Structure formats: structure tokens, C-alpha cells
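One structure below.
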Amino acid sequence: MTTATSCSSSGKFRHMVENAFRRAAPLGIFYGVLMFLLFPLMYLITLFSVPPADYAAVNGGFLMGSVRFYGYSGAYTGGSGVLLALICAFMPIVFGSILFSYLHNKRATDVYHALPMRRESLFAANYLAGLTLLWAPLVLCFGVILMAGGFCTAILGNLYHPLAILGDLAGWMIVTAAIYTITCAVAVLAGNTFDTVMFSLAFCGMYPVILFFAKLVVEGELLGFNGWNGGLMDVGNMMALSPFTLMGYRLTRSTANETNFFEMMKVESFSFYFWAEIAWLLLTIGLYFGAVWLYKRRKSERAGRTTASSLLNIVVKYVVTFVFGVAFGLLLRATFDMRWMLTVGTVIGGAIAYTVFEAVAARGFKTFPRAFAQMGISVGLTVVFVSVVLTGCFGFETRVPALDAIESVTVNYNGRYGMRYFYDELGRSRYDLNDELALARGSVVLTSPESIAAVRELHLSTIDDLRGLGDQLSIEWERSANFGPTITYKLKNGRTLSRNYRQCSLETAQGLAALENDEQFERQTNPAFLLHAGELEGITVTNRLYLGEYFKALDTAGQKELLEALQQDILAERLEDSASGTYEAVGYLRLEAKRDALQAETMVPENTDLLITAQYTNTLAFLQANGLTDRMELDPEQITRAAVCRYSKNFSGVGDYTGVYAYADPYGGVVRSYDIMPDEEDSYYDGKYRGEWMLVTDPAQVGALYRAAKNIGPMALDEEGKSQTYQVYFEYGDEQKALCLIVDPSQMPAGLAESYEQWMGESWDGEVVTAQAVY
Amino acid sequence: MIEANGLTKYFDDIAALKGMTTRIPAGSIYGLVGSNGAGKSTFLRLLAGVYRPDEGAIAVDGAETYENPAVKDRIFFLADELYFFQNATMDQMARFYSGLYGSWSQERYRQMCVTFPIHAERKINTFSKGMQRQAAIILALSAQPDILLLDEAFDGLDPVIRGLVRKILAEDVAQRGATVIIASHNLRELEDLCDQVGVLHGGRILFQRDIDDLKLGFFKVQCAFRPAKEREDFAGLDLLQFESRGSLINLIARGAREEILGKIEAMGPLFVETVPLTLEEVFIHEMEAVGYDYSNILF
């Protein structure tokens with residue numbers, strides 16, 4: 001900060017500092033007492049209320065009981081962090097407004113600006129007095145906590161970190177200085193104190209708000225946009241753009257147990273806030289000199305005037321128009337579920353916000369109708385922004401690279417085996433410091449022309465689907481995602497193009513079936529390729545209802561033999577053959593990974609159950625040789641009852657849905673009988689499965705149903721592209737659970753489909769159609 | 001020496017001063033008069049360094065005042081509307097100024113607090129308007145500036161205090177060689193106090209003269225003729241006003257007394273006598289001469 005060296009006389013400067021200090025001292029005392037009561041006093045009360053049994057000294061260095069202290073420094077109790085954030089957000093504005101109020105009073109300006117001092121000295125003296133009054137209570141309060149914690153290490157143990165406390169103190173000093181400096185700079189530009197407060201609030205807090213609403217519009221309305229998940233556009237990180245929220249939000253980014261600064265810096269959100277503090281420190285210094293520069297050019301005659309026509313006013317007016325315009329537009333968009341209402345709402349909301357702000361800033365409507373021109377520009381700019389997004393952002397929505405320009409494509413389709421994870425030596429999924437699954441993979445990289453073409457076709461169809469809906473593009477439809485494609489093209493020119501959709505139609509998604517026949521796809525998703533010999537405990541076999549589990553341990557040689565057999569069968573398998581029922585399902589084979597034997601780069605899918613069909617001749621030979629085929633056998637005579645439910649808008653199936661085809665998936669498709677078919681009732685609705693199940697007890701019908709049921713098959717779609725496939729639960733012997741199988745509508749036994757329709761009555765809003773096999 | 005050259009100051013699109021040029025000698029009491037909005041206060045604020053000139057310059061002994069602490073240390077500006085810190089006492093205000101003005105005299109301050117009937121330890125916001133004005137004057141005089149700028153300084157003061165202030169100002173000029181510039185509508189006050197008067201009009205100095213020259217340059221003449229004379233008969237005089245009621249004529253003419261009387265007596269009046277004009281009358285007639293409606297002017 002500027003010191004006496006910049007003054008014409010150090011004595012005069014010191015005298016002016018003392019004078020300013022005395023003037024603001026009553027407020028400083030109030031602020032200091034308030035901070036003490038709400039911050040260190042709360043800390044002391046909490047500290048001394050810890051029962052001796054919970055002391056760290058008697059609990060291996062850790063404070064026991066419910067968490068009482070929060071934040072990186074552990075200096076905050078439940079409410080004190082919030083209260084401190086509020087005090088530190090608003091008191092600097094009060095100090096800045098009061099100390100520089102002489103600029104807004106004509107009589108005071110006459111006195112101050114006639115004094116034999118340069119303006120930079122005058123500014124520096126008042127600034128320094130305010131900053132001292134702001135910082136002194138902070139330093140004292142943190143000092144109390146530092147000392148109290150130091151005296152009570154027996155209570156706190158590992159929760160006491162002096163350096164972290166000092167680090168937090170530095171953070172609070174930076175944000176209070178930033179808010180105070182912004183207020184001082186605004187005071188120099190503004191003509192009166194009301195405007196100073198109003199514009200200071202705006203200039204301290206508007207940046208996250210602007211970005212937040214821009215983000216809402218772009219991420220919500222720009223089809224294919226991947227979204228911002230890091231950097232400044234991350235919702236959490238945005239808070240760092242405002243000194244109001246910088247420290248308050250940082251408190252939620254860390255806990256007192258994570259005290260190693262360098263370890264904490266590996267946490268993205270923590271390091272972001274650390275660098276944000278440094279940025280605000282530099283910005284504050286820059287702002288100080290900016291304010292001095294402005295002050296030297298300030299006309300004394302501005303005192304007492306409104307700020308209606310200043311640059312300050314114009315900037316905030318445009319921001320207010322943008323924020324409220326977009327907010328109102330989004331509200332109308334959500335209310336009417338029509339995209340064009342976003343534009344209408346933006347115009348209405350922007351115009352109202354502009355009018356209200358103009359009237360407040362100009363203390364009346366005297367600037368109208370002249371202000372209409374400015375209103376037109378500000379509302380117009382907001383509408384241009386919204387329109388650019390709604391119209392596809394200059395071709396962003398329709399940009400799909402040419403086939404011959406694509407080197408590879410990454411798509412988040414994983415087939416029937418789901419996400420793949422890395423595990424640690426204890427068999428736990430690996431998480432990083434940001435609490436994200438480390439190296440989890442939910443997409444495949446493909447280079448074959450057929451697969452690239454298939455993904456590109458999916459992309460084109462999705463664009464057509466979504467853009468074809470125009471204003472009918474419903475928020476509900478967009479967000480009821482079963483499969484939302486995320487596609488990244490790596491282009492031959494070295495660039496990448498990435499798009500993300502929250503949804504695509506079932507019909508479109510079925511185009512990805514072609515990937516299932518790609519060896520690259522299988523090698524990246526199928527557990528038989530991902531797991532290696534030596535990494536298995538053994539295998540578990542079940543019948544096609546996923547019952548009769550039998551585990552068999554395998555040595556490395558056996559594992560190798562099995563995996564080779566499986567790989568041969570898998571590469572020979574065509575999805576269309578499996579799905580069309582050419583080969584009967586025999587049962588399931590689960591590869592039991594030995595987690596602590598997994599190699600460094602081995603990924604394990606969440607689903608390691610492989611459906612073995614009659615086509616898996618090599619595998620069946622292995623199973624036969626090991627006496628396991630008997631374990632897969634199933635006696636249809638033991639099936640006594642069945643329950644039927646059709647996919648609908650309220651029921652998208654139980655764990656059997658890949659987004660492309662129907663699959664009786666053991667990973668989530670095993671249902672307990674009492675969930676869907678209790679005794680004495682012919683139907684049962686369970687919110688868990690979101691469907692109404694029709695009970696079938698006639699042995700002939702049950703048998704016919706069983707013969708029609710498949711473990712894998714196409715999704716039968718109606719004209720609107722909605723699935724019509726049935727899901728059937730079979731009660732087998734005394735088993736209380738079984739895997740739901742699927743029945744194509746075209747294969748439904750005579751009379752049962754009609755019975756289902758009749759039984760559903762008016763609650764059913766679809767119609768029975770003939771399945772269209774897509775393979 | 002205070003010099004203003006082409007001094008111009010705009011407030012938005014209104015020019016308060018338009019190329020004002022003047023020289024005010026040191027060691028004098030200068031009265032600045034002018035109609036409402038003529039730019040008197042603006043001139044004082046420019047001289048005090050409160051305002052920055054949009055064009056031209058204003059300097060004291062060759063040094064411009066704006067952002068010049070050395071020059072401003074020699075100037076004390078007492079505005080028409082007073083400002084004191086909230087809940088401040090005179091002593092607190094004195095402590096404030098004492099650290100900022102190099103020539104501040106605490107002794108003189110104590111002396112003034114005795115001379116003026118005022119309680120220095122009481123909060124100023126409990127004072128009457130006149131007492132607040134006294135407080136401001138005490139503070140200004142205690143700063144002992146080379147140049148004291150007083151805007152409507154006597155507003156609210158009772159006659160005794162006015163006399164006291166006039167006396168102290170005169171002593172300051174005589175003993176310290178101070179320059180006092182007083183902007184006022186109260187021309188009677190200036191008449192008794194000022195050495196020189198400048199009339200501001202339309203953002204410029206209309207004229208600036210020693211007060212004695214000014215008052216002696218205009219004369220009111222009462223005379224009578226038989227037969228009665230018309231205005232045209234006095235074409236040889238620089239008439240500012242002419243009224244006739246029968247044979248009695250009242251006129252105001254610019255010029256030397258002897259010259260005016262000589263010309264009238266040559267016309268054979270029944271009687272003739274001259275009366276010097278007050279400063280107010282001079283001001284009004286000069287302003288009328290430039291087309292100003294003097295009914296706006298307060299006395």
C-alpha cells in the first residue's frame with residue numbers, strides 16, 4: 001500500500017490517517033466486538049465444551065465425538081464460518097462507504113479537496129485507516145484462536161494446525177481487502193453513498209452470477225455441448241470469482257483432517273481456491289492503483305450527484321439486464337417447456353430489470369424515454385446471446401466431421417458389461433483425492449471404419465432427432481436419459497471434436513449394435529478379454545434364470561484355457577444371431593476376479609457375468625470337460641408361476657437395458673418374488689420396479705411364456721420409438737428370486753398379450769405392435 | 001499575486017466560467033461580486049484547488065493551485081456551506097487543521113476562542129448557524145493562510161461579530177500581508193471592507209477596480225430646469241439612468257464629478273447637486289448595462 005513516501009509530507013499523511021481512523025473507530029469497535037462474539041467466542045465455547053472422554057489426548061491424537069471444527073484450519077464451528085463470511089463480506093463495504101463518503105458530500109469535498117494534500121495521499125490515508133480497522137479485529141480474533149488452540153492441544157490433537165490457521169487468516173485478509181478496495185474504487189466513481197453501496201455489491205458479486213446464468217443457458221440449450229466441468233465455469237469454482245464467496249466456499253472444500261498443504265494442493269478445488277486467493281491479492285493491488293488513478297481524475301463536482309450516466313452505471317445495468325433477463329427466460333422456458341419462451345422471457349425480464357434499475361439509479365423516471373435506447377441495446381445484446389445458443393451457436397450443433405477426416409472415435413457405450421474400474425491391492429475401487437473414481441472407464445475408443453461410421457451415424461441421427469423437435473424439444477424428454485451419447489472424434493489433423501447429449505431415441509441408439517461385433521469393442525469391454533489368466537479365483541456358473549450358483553476354482557492353466565475358449569466364441573458371435581434367438585441361452589458364467597492379483601493396468605467391468613449360448617461351443621466344451629454343464633441345466637416343470645410387465649413410460653425394465661437391445665442382465669435384473677407377485681393378489685405395484693405386473697398361473701400359459709422368453713433380444717419399438725418388449729419373472733421351485741427374462745411382443749403366447757391389455761385397462765396408454773427386429 | 005488566465009469551468013454543458021482572466025494583487029481585500037450563478041463560488045473553488053480548470057489556468061505567484069500542496073498550504077477556503085465532522089467540537093476540528101496547515105497557530109486559535117463568544121469544547125452541531133459560521137472563521141483565521149477565500153463569509157453573523165471579523169481581516173492584511181478574497185452578495189459589507197472589487201458576469205470579469213475609483217466614477221445628479229429638459233438634451237453625458245418629473249430631473253452618469261457638473265451647469269439649471277453612488281447602485285447599474293435584471297439580486 002502507498003505509504004508516506006507518496007505524500008507531500010509524511011506528517012500530514014500520518015495526521016490524515018489518524019483522523020480517518022478516529023472517524024471510523026466507532027464502527028471499527030462494533031465490527032471487532034461482533035466478530036469476536038460470532039467467531040472466536042464460538043470457538044472457545046465449543047472447545048471447552050468437549051467432554052474429557054473425547055479429548056485427543058485420550059483418543060490417540062484425534063478429537064472424538066461429532067465433528068465440531070470445520071475448514072482447513074479447523075478454526076470454525078458450525079455457524080461461525082458462515083457468520084464470519086457474512087461479516088467479512090459486508091463490513092468492508094460499510095467501511096469503504098463511510099471513509100470515502102466525503103466524496104459524495106459537496107460540503108465535505110470542499111474541505112477535503114482544499115486541504116494541502118495530494119489526492120493520492122488523501123486516498124491512501126483514508127484507505128489505510130479503513131484497512132487497518134478491517135484487519136486488526138481479524139488478526140486479533142485469529143490470534144485468540146491460535147493461542148486457545150495452542151493451549152488446548154490435549155483436546156484438539158491433530159486438529160490444531162497453526163500454519164493452516166495463519167493461512168486462513170491470510171485468506172480472510174485478502175478477501176476483505178478485495179471487497180474494501182472495490183468499494184473504495186466504486187466510491188471514487190460514484191456520486192453518492194447509496195450508489196457506492198449498490199455498485200459495490202454488484203461489482204463484488206456479479207461475476208459468478210453472470211457466468212452461472214450463461215452456463216445454464218449454454219449447457220441447457222446448446223445441443224451436444226459437453227458442459228463445463230472444470231475451470232472458471234465449474235459451478236463451485238465460480239464462487240472464487242467473487243470475494244464474497246471465495247473464502248466462505250473454500251471452507252467447504254476442505255476439512256481440518258487434511259492439513260498437509262502440498263497434499264491438499266493436489267485436490268483440484270482446493271488448489272483452485274488457493275490460486276484464486278493469489279489472483280485476488282494481485283487484483284486488489286491493481287485495483288488500489290486503479291482507484292488512485294481514478295481519484296486523481298475525479299471531478300469534485302460529482303459530489304452528491306446520482307451515478308445515472310456513468311460507465312459504472314452502464315456496466316451494472318447491462319449485467320442486471322442479462323442476469324434477470326436470462327433468469328426470467330429460463331423460468332418461462334421451464335414453465336411452458338418451449339424453447340422460444342426463453343427468448344420471450346429474456347426480453348420481458350431484461351426490460352423489467354433494466355427499467356427498475358434505471359429508476360433506482362436515477363431516482364425516478366426522468367431519464368425516460370431517453371433510456372429506452374440503452375434498454376434496447378442491453379436487452380438486444382442479451383437476446384443475441386440467447387439466440388446464438390438457441391440457433392446452434394454458429395453451426396456448433398450440426399458440426400460432424402467427415403468420415404475420412406476421423407482417425408478414431410470415443411463413445412460412452414459399453415455394451416452389456418458396463419463401466420470398468422481399476423482396483424487397488426485390497427480389491428477396492430480406486431478413488432483419487434477429488435473423490436472421483438480413479439481411472440474408471442465408461443467409453444470405448446474405436447478405429448475401424450465400420451465402427452466410426454456407426455458412431456457417426458448415431459451422432460447425425462441424434463442431431464436430426466433433437467433439432468427436428470424444434471420448440472417441442474421438451475426438458476423432460478431431454479433429461480429422461482436412458483442413454484445419452486458422449487462422442488469424441490479424434491481427427492486426422494490432430495484436433496478433437498466432442499459432443500454430449502443427454503438423450504437419444506431408442507431407434508437411434510440401436511445403431512450402436514454394430515459396435516458389438518467389433519473386435520476392438522469386445523477387447524475393451526468384455527471381461528473375457530480384460531481379465532487375464534492368473535487374475536481369477538475361478539468361475540461361478542448358473543442356469544439361465546441365474547439360479548443354482550456353483551463356484552469352481554481354476555488354476556492358471558485352467559483360466560487360460562477358459563479365457564481362450566471364451567474369446568474364440570465371443571469373436572465368432574454375432575449380436576444379430578444371439579438376439580434373434582438362433583442360439584438358445586444355456587446359462588451364465590461369472591468370471592470371479594481375484595482382486596489382489598490384478599495386474600497394474602487391468603480393468604474389471606462392473607458386470608462379469610457372460611451369457612453362454614449354444615453358439616459358445618468352445619466354452620461349452622470346457623464346461624463339459626469340467627463337469628459344469630449340468631449346473632446350468634434347468635427343469636421347466638419346476639416353473640410354477642410367472643409375472644409379466646411391459647416396458648412403458650413408467651417402466652423401463654429391471655437391469656436389462658443396454659440402450660441398444662434387451663438383455664436379461666444378472667447385474668441388476670434379479671428380482672425377488674415378493675417384490676412383484678405376492679400371494680392372494682393378481683397384481684402388485686412396487687415403486688421400486690415401477691411397473692404393474694400381471695400374474696400368470698395357468699401351467700400352459702406359464703410354459704408357453706417360458707418357451708417364448710429369451711435372455712437377449714431386440715427392443716420392440718412402437719411407432720413413436722417406445723419399447724414394447726415384455727419382461728417376465730418366472731417362479732422356479734422354492735426359489736424366492738430369479739432373473740427376469742424378456743419376451744418379444746411378436747413371440748407372446750396367444751391370448752396373453754390381449755389378457756395383459758385387458759388387465760391393464762385404461763392405465764395402459766400404448767398399443768400392441770409387432771416387434772421390428774433391428775439386427 | 002493571483003492570476004487567472006482564460007479560466008474556464010464547465011458543469012456538464014453549462015459554462016460557469018468562460019475564459020475568465022484577472023489579476024488580484026497580494027496584500028489586499030478583494031470583493032468578488034456578481035449575479036446568482038455568475039461563477040463566484042466556482043472561481044474560489046478553482047483557486048482553492050477543489051476544482052480543476054477545464055481550460056486556462058489559475059496560479060498563485062506563478063504556481064498553479066490544483067494538486068499543488070505547497071500552494072494550497074498557503075490557501076484556506078471557507079465555503080458558503082460549512083462542513084464539520086460529525087459530533088466534532090471546535091477543538092477537534094482545530095486538531096484536524098493544525099496537522100495539515102503549516103502556518104497554523106495554536107496560540108492564535110486559543111486567542112480567537114477567547115475573542116469570539118464561543119465554546120470550543122462543545123459539539124459544533126449544537127451551535128446556531130451564526131455560531132457555526134464563527135467557528136469556521138476562527139479555524140480559518142487560525143490557519144493564518146496567505147490567501148483566505150471567503151464565500152458568503154458574513155452570512156448569519158450578527159453586526160458585532162461582523163465588525164470583529166472585518167477588523168481582524170483588516171489587521172491580517174495590514175500585519176501579515178494576507179490576501180483576502182470575499183465573494184458576496186452583500187455589497188454593503190464589501191463596500192466598507194474591500195480594496196478592490198471585481199464584478200463577475202457571464203463567466204468573465206465584467207470589470208475590476210479599486211473601490212474608491214468605482215464609487216467615484218458614477219454620480220447621481222439631481223437638478224431642475226425651466227423649461228424642462230429632455231434626455232436628448234443631456235447627450236453630452238454618459239447616462240446610465242434618466243428620470244424627469246416636470247422640471248425635476250434625476251440622472252446617473254458615469255464620469256468625473258467636475259466634468260458632469262460642468263456640463264450640467266453650462267445648461268443653466270435652477271439648481272444642481274451630486275451624490276456618490278453606493279456600491280450596490282454601481283453594481284446594479286453596471287449589471288443593467290449588460291442587460292441583467294437586478295430584481296434577482298438580494299440585498
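In the C-alpha cells, each chain is lettered A, B, ... as it comes, each chain's residues begin at 1, and ligands are numbered from 1 in order of appearance.
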Open item on the list: Could you list, as a list in words, every residue within 8 Å of region 83-95 of chain A, counting only C-alpha atoms and ignoring same-chain residues fewer than 2 positions away?
Closed with: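 The filter keeps Ala24, Leu27, Tyr31, Met35, Leu38, Phe39, Gly79, Ser80, Gly81, Ser97, Ile98, Leu99, Gly130, Leu134, Trp172, Val175, Thr176, Ala177, Ile179, Tyr180, Thr183, Val197, Ser200, Leu201, Pro243, Phe244, Thr245, Met247 and Gly248 of chain A.
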Contact residues (chain A, partner chain B, 6 Å, only C-alpha atoms) as a list in words
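Residues of chain A within 6 Å of chain B, counting only C-alpha atoms: Lys12, His15, Arg107, Ala108, His113, Ala114, Pro116, Met117 and Arg118 of chain A.
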Take the residues from that selection and write them out as a short mmCIF file (atom, residue, chain, number, x, y, z; two decimals), in the first residue's frame, keeping all heavy atoms.
data_model
loop_
_atom_site.label_atom_id
_atom_site.label_comp_id
_atom_site.auth_asym_id
_atom_site.auth_seq_id
_atom_site.Cartn_x
_atom_site.Cartn_y
_atom_site.Cartn_z
N LYS A 12 1.69 15.17 7.49
CA LYS A 12 0.30 15.40 7.09
C LYS A 12 -0.39 14.08 6.81
O LYS A 12 -1.57 13.89 7.14
CB LYS A 12 0.24 16.30 5.85
CG LYS A 12 0.60 17.73 6.12
CD LYS A 12 0.55 18.54 4.85
CE LYS A 12 1.01 19.98 5.09
NZ LYS A 12 1.07 20.75 3.85
N HIS A 15 -1.15 12.38 9.99
CA HIS A 15 -2.23 13.12 10.63
C HIS A 15 -3.58 12.76 10.00
O HIS A 15 -4.57 12.56 10.71
CB HIS A 15 -1.96 14.61 10.48
CG HIS A 15 -2.90 15.47 11.26
ND1 HIS A 15 -2.78 15.66 12.62
CD2 HIS A 15 -3.98 16.18 10.87
CE1 HIS A 15 -3.76 16.45 13.03
NE2 HIS A 15 -4.50 16.78 11.98
N ARG A 107 -20.18 19.66 0.60
CA ARG A 107 -19.52 20.48 1.62
C ARG A 107 -18.23 19.81 2.11
O ARG A 107 -17.21 20.46 2.30
CB ARG A 107 -20.47 20.69 2.81
CG ARG A 107 -21.68 21.54 2.43
CD ARG A 107 -22.60 21.72 3.61
NE ARG A 107 -23.12 20.45 4.10
CZ ARG A 107 -23.59 20.24 5.31
NH1 ARG A 107 -23.61 21.22 6.18
NH2 ARG A 107 -24.06 19.07 5.67
N ALA A 108 -18.30 18.47 2.28
CA ALA A 108 -17.11 17.76 2.74
C ALA A 108 -16.04 17.76 1.66
O ALA A 108 -14.84 17.90 1.96
CB ALA A 108 -17.49 16.33 3.11
N HIS A 113 -10.82 18.55 -0.40
CA HIS A 113 -10.05 18.79 -1.61
C HIS A 113 -9.36 20.16 -1.60
O HIS A 113 -8.56 20.45 -2.48
CB HIS A 113 -10.93 18.63 -2.85
CG HIS A 113 -11.21 17.20 -3.13
ND1 HIS A 113 -12.01 16.77 -4.15
CD2 HIS A 113 -10.77 16.07 -2.52
CE1 HIS A 113 -12.08 15.45 -4.15
NE2 HIS A 113 -11.33 15.01 -3.17
N ALA A 114 -9.69 20.97 -0.60
CA ALA A 114 -8.96 22.23 -0.45
C ALA A 114 -7.76 22.06 0.47
O ALA A 114 -6.92 22.96 0.57
CB ALA A 114 -9.89 23.31 0.12
N PRO A 116 -4.15 20.98 1.90
CA PRO A 116 -2.85 20.93 1.21
C PRO A 116 -2.28 19.52 1.16
O PRO A 116 -1.26 19.23 1.76
CB PRO A 116 -1.99 21.87 2.05
CG PRO A 116 -2.59 21.84 3.41
CD PRO A 116 -4.04 21.62 3.23
N MET A 117 -2.98 18.63 0.48
CA MET A 117 -2.53 17.25 0.30
C MET A 117 -2.83 16.83 -1.13
O MET A 117 -3.86 17.23 -1.68
CB MET A 117 -3.28 16.29 1.23
CG MET A 117 -2.86 16.36 2.67
SD MET A 117 -3.71 15.09 3.62
CE MET A 117 -2.68 13.67 3.29
N ARG A 118 -1.96 16.00 -1.68
CA ARG A 118 -2.26 15.44 -2.99
C ARG A 118 -3.40 14.43 -2.82
O ARG A 118 -3.57 13.84 -1.77
CB ARG A 118 -1.04 14.72 -3.56
CG ARG A 118 0.04 15.66 -4.02
CD ARG A 118 1.13 14.88 -4.75
NE ARG A 118 2.26 15.74 -5.03
CZ ARG A 118 2.28 16.62 -6.03
NH1 ARG A 118 1.24 16.75 -6.83
NH2 ARG A 118 3.35 17.37 -6.22
#
* Asked: Running DSSP on the backbone, which parts of region 67-293 of chain B land in alpha helix (DSSP H), as a ChimeraX atom specification?
  -> /B:69-72,90-98,106-115,129-142,159-176,187-193,211-216,257-265,279-289
**OP:** Name the residues in contact with Thr22 (chain B) at a cut-off of 10 Å, using only C-alpha atoms, excluding same-chain residues fewer than 6 positions from it; report them as a list in words.
**Re:**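 What passes the distance filter is Ile2, Glu3, Ala4, Asn5, Gly6, Leu7, Ile58, Gly198, Arg204, Ile205, Phe207 and Gln208 of chain B.
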Which residue gives the smallest distance to Gln106 (chain B) among B:Ser128, B:Leu141, B:Asn250, B:Val282, with only C-alpha atoms counted?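 Closest to Gln106 (chain B) of all the choices is B:Leu141.
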- [ ] Just the residues within 9 Å of region 178-189 of chain B, please, counting only C-alpha atoms, with nothing from its chain fewer than 6 positions along; format it as a PyMOL selection string.
- [x] chain B and resi 1+24-36+40-41+44+144-155+162+166+169+172+278-280+283+297-299
Which polymer residues have any atom within 8 Å of an atom of Phe199 (chain A), counting only C-alpha atoms, with same-chain residues fewer than 3 positions away left out, as an mmCIF file with N, CA, C and O atoms, in the first residue's frame?
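Everything below was put into part-v7.cif:
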data_model
loop_
_atom_site.group_PDB
_atom_site.id
_atom_site.type_symbol
_atom_site.label_atom_id
_atom_site.label_comp_id
_atom_site.auth_asym_id
_atom_site.auth_seq_id
_atom_site.Cartn_x
_atom_site.Cartn_y
_atom_site.Cartn_z
ATOM 1 N N VAL A 186 -15.188 2.091 -6.278
ATOM 2 C CA VAL A 186 -16.550 2.468 -6.679
ATOM 3 C C VAL A 186 -16.914 3.824 -6.073
ATOM 4 O O VAL A 186 -17.545 4.659 -6.736
ATOM 5 N N ASP A 195 -25.322 4.860 -4.151
ATOM 6 C CA ASP A 195 -24.788 4.244 -5.366
ATOM 7 C C ASP A 195 -23.512 3.454 -5.068
ATOM 8 O O ASP A 195 -23.269 2.405 -5.667
ATOM 9 N N THR A 196 -22.708 3.984 -4.134
ATOM 10 C CA THR A 196 -21.480 3.273 -3.782
ATOM 11 C C THR A 196 -21.791 1.879 -3.258
ATOM 12 O O THR A 196 -21.192 0.888 -3.672
ATOM 13 N N ALA A 202 -22.722 -5.005 -6.460
ATOM 14 C CA ALA A 202 -22.771 -5.557 -7.822
ATOM 15 C C ALA A 202 -21.381 -5.973 -8.293
ATOM 16 O O ALA A 202 -21.193 -7.089 -8.780
ATOM 17 N N PHE A 203 -20.408 -5.091 -8.096
ATOM 18 C CA PHE A 203 -19.078 -5.396 -8.628
ATOM 19 C C PHE A 203 -18.363 -6.492 -7.847
ATOM 20 O O PHE A 203 -17.477 -7.148 -8.378
ATOM 21 N N LEU A 312 -19.870 3.188 -14.758
ATOM 22 C CA LEU A 312 -20.211 2.271 -13.672
ATOM 23 C C LEU A 312 -21.658 1.819 -13.795
ATOM 24 O O LEU A 312 -21.990 0.632 -13.744
ATOM 25 N N ASN A 313 -22.504 2.795 -13.978
ATOM 26 C CA ASN A 313 -23.935 2.538 -14.069
ATOM 27 C C ASN A 313 -24.256 1.696 -15.291
ATOM 28 O O ASN A 313 -25.040 0.748 -15.231
ATOM 29 N N VAL A 316 -23.212 -2.056 -14.853
ATOM 30 C CA VAL A 316 -24.094 -2.806 -13.956
ATOM 31 C C VAL A 316 -25.482 -2.970 -14.571
ATOM 32 O O VAL A 316 -26.117 -4.020 -14.453
#
Fewer than 2 positions away in the same chain doesn't count, so skip those; otherwise give me all residues within 8 Å of region 275-277 of chain B, counting only C-alpha atoms, as a PDB file with C-alpha atoms, in the first residue's frame.
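As written to disk, around_23.pdb reads:
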ATOM      1  CA  LYS B 215     -17.634  54.679  -6.359  1.00  0.00           C
ATOM      2  CA  LEU B 216     -16.244  57.960  -7.646  1.00  0.00           C
ATOM      3  CA  PHE B 218     -20.547  57.274 -11.015  1.00  0.00           C
ATOM      4  CA  PHE B 219     -22.668  60.092  -9.768  1.00  0.00           C
ATOM      5  CA  LYS B 220     -26.283  60.585  -9.055  1.00  0.00           C
ATOM      6  CA  VAL B 221     -27.350  64.119 -10.070  1.00  0.00           C
ATOM      7  CA  GLU B 273     -26.341  68.710  -6.767  1.00  0.00           C
ATOM      8  CA  LEU B 279     -21.551  50.068  -4.348  1.00  0.00           C
ATOM      9  CA  GLU B 280     -24.947  48.416  -4.661  1.00  0.00           C
ATOM     10  CA  GLU B 281     -26.149  51.099  -7.010  1.00  0.00           C
ATOM     11  CA  VAL B 282     -22.977  50.939  -9.062  1.00  0.00           C
TER      12      VAL B 282
END
Pick from A:Gln510, A:Thr367, A:Thr321, A:Thr602, whichever lies nearest to Ala353 (chain A) using only C-alpha atoms: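 Closest to Ala353 (chain A) of all the choices is A:Thr321.
Of the residues under consideration (A:Trp293, A:Tyr273, A:Phe225, A:Leu41), A:Trp293 shows the shortest atom-to-atom contact distance to Val188 (chain A) when counting only C-alpha atoms.
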Applying 10 Å and only C-alpha atoms, which residues near Lys18 (chain B) remain after dropping the ones on its own chain fewer than 5 positions away? List them as number ranges by chain.
B: 6-10, 39, 54-56, 201-205
